[in-house]
Amino acid sequence: MDSYSEQKKNWISQFWDGSVLQRLIFINVAIYLFVNIVSIIALWFKLDDFLIFYPNGDYTSVLSHWLAASSSIWVTIQQPWSIITYMFLHLGLWHLIFNMIFLYFAGQYFVRFLGEKRLLSIYIFGGLTGLGLYMFTYSIIPFFNSQGPVPILGASASVMAIFIAIAAYQPNLPITLPFIGPIKLKYIAIFYLVMDLAEIRNGVNAGGHIAHLGGAFYGFYSIYLFKNGKDIFYDFFPLLNKIKAVFSFKKGLKVKYRASSEPYSRSKAQSDYEYNANKIQMQKRVDEILDKISKSGYDSLSKSEKDFLFKQSTKNQN
């Protein structure tokens, strides 16, 4: 077997054996490379039918037109697959890099506290909610609908849903930022939401920032329901079955999860009141420990507090 075949086999193995977070990043990068490579080849060989040219001299492949979603309901009906593909499509390198860094940052914390299995659900449906708000806004507000169909692409709404979800779930989680130091996650989330609102007002990519807010709403609302005993992440899992082969935990393996492996699981004999009361009590203790870390550092925790936090963290990753 030559070196290229071995490298290709390693890439495939890393994709199938990797986490959901790694696969999401992999797919975003792969689609970016594919669309841009097709564009370059079409330009070199003067295949103008495969290219879209813009007034500023930029160009892209017609693939971007097929994969991007639209503000127009009619265009979307004609390309129904685009409601999913748009959230994996990037044309600009910096757009891709920023979204993937943000996805990795938010995804790591999301998986730590809420588990890997919920990550795909919030990525997909956060992106759908962002697209829904985008289309709704462009349909009813004269300032926007007078512009005609406007494409939308990128993972930003999905990433925003993940980030706001973990910020809503662990608002006091301390995050150390360069040149700033530790700051609670909720303040970072508020900063990004304010920036989106400001950019909408300034008219800079207003539609994209509207989609961000749609994703943010889904992230916040999903955690609101989750804290009140409604796991909306799993409610949508039946709709993900057709793409589950791509994001399955292990290729060719069937994995069964017991209800007890989930955070704050509900026993058959446990009432709704007892379930919610126990969950709230556990969350309260986690928040108290995180506040203590924020004020005095991790080393200030007692052994029992460290054991409790570790137990909750590993439980959420199952």
# chains A, B, ... in the order shown; residues from 1 in each chain; ligands from 1

call {"tool": "residues_around", "arguments": {"residues": "stretch 149-157 of chain A", "least_positions_apart": "5", "cutoff": "9 Å", "atoms": "only C-alpha atoms", "output": "PyMOL selection string"}}
result
chain A and resi 28+64-65+67-73+75+85-91+95-96+99-100+102-103+123+126-131+134+138+162+207-216

call {"tool": "closest_residue", "arguments": {"among": "A:Asn36, A:Thr60, A:Gln283, A:Thr137", "to": "A:Leu309", "atoms": "only C-alpha atoms"}}
result
A:Gln283

call {"tool": "closest_residue", "arguments": {"among": "A:Phe233, A:Phe308, A:Trp94, A:Phe105", "to": "A:Leu120", "atoms": "only C-alpha atoms"}}
result
A:Phe233

call {"tool": "residues_around", "arguments": {"residues": "A:Ser61", "least_positions_apart": "4", "cutoff": "9 Å", "atoms": "only C-alpha atoms", "output": "compact mmCIF listing (two decimals) with N, CA and C atoms, in the first residue's frame"}}
result
# COMPACT_ATOMS: atom_id res chain seq x y z
N VAL A 35 -15.77 22.75 -2.45
CA VAL A 35 -16.40 23.82 -3.23
C VAL A 35 -15.35 24.74 -3.83
N ASN A 36 -14.32 25.06 -3.07
CA ASN A 36 -13.29 25.98 -3.58
C ASN A 36 -12.38 25.33 -4.61
N ILE A 37 -12.11 24.04 -4.45
CA ILE A 37 -11.30 23.34 -5.46
C ILE A 37 -12.06 23.25 -6.77
N VAL A 38 -13.35 22.96 -6.70
CA VAL A 38 -14.18 22.94 -7.92
C VAL A 38 -14.17 24.31 -8.59
N SER A 39 -14.23 25.38 -7.80
CA SER A 39 -14.22 26.74 -8.35
C SER A 39 -12.92 27.02 -9.09
N ILE A 40 -11.82 26.63 -8.50
CA ILE A 40 -10.52 26.89 -9.11
C ILE A 40 -10.36 26.11 -10.42
N ALA A 42 -12.75 24.99 -12.36
CA ALA A 42 -13.66 25.55 -13.36
C ALA A 42 -13.10 26.84 -13.95
N PHE A 50 -20.05 26.50 -14.66
CA PHE A 50 -19.89 26.01 -13.28
C PHE A 50 -19.51 27.12 -12.31
N LEU A 51 -19.53 28.37 -12.79
CA LEU A 51 -19.07 29.49 -11.97
C LEU A 51 -20.14 30.56 -11.84
N ILE A 52 -20.08 31.27 -10.72
CA ILE A 52 -20.90 32.46 -10.49
C ILE A 52 -19.94 33.61 -10.25
N PHE A 53 -20.05 34.68 -11.05
CA PHE A 53 -19.16 35.83 -10.93
C PHE A 53 -19.91 36.98 -10.25
N HIS A 65 -24.35 27.80 -4.78
CA HIS A 65 -25.75 28.16 -5.01
C HIS A 65 -26.67 26.99 -4.66

call {"tool": "closest_residue", "arguments": {"among": "A:Ile289, A:Tyr169, A:Ile25, A:Leu93", "to": "A:Ser302", "atoms": "only C-alpha atoms"}}
result
A:Ile289

call {"tool": "closest_residue", "arguments": {"among": "A:Arg118, A:Lys306, A:Arg285, A:Arg23", "to": "A:Asp231", "atoms": "only C-alpha atoms"}}
result
A:Arg118

call {"tool": "atom_distance", "arguments": {"atom1": "atom CA of A:Phe113", "atom2": "atom CA of A:Asp287"}}
result
12.1 Å

call {"tool": "select_by_dssp", "arguments": {"residues": "stretch 51-88 of chain A", "states": "strand (DSSP E)", "output": "list in words"}}
result
Leu51, Ile52, Phe53, Tyr59, Thr60, Ser61, Ala69 and Ser70 of chain A

call {"tool": "closest_residue", "arguments": {"among": "A:Tyr187, A:Leu119, A:Ala206, A:Tyr32", "to": "A:Leu173", "atoms": "only C-alpha atoms"}}
result
A:Tyr187

call {"tool": "closest_residue", "arguments": {"among": "A:Met282, A:Ile232, A:Ile122, A:Ile175", "to": "A:Leu21", "atoms": "only C-alpha atoms"}}
result
A:Ile122

call {"tool": "atom_distance", "arguments": {"atom1": "atom CA of A:Met160", "atom2": "atom CA of A:Gly115"}}
result
17.5 Å
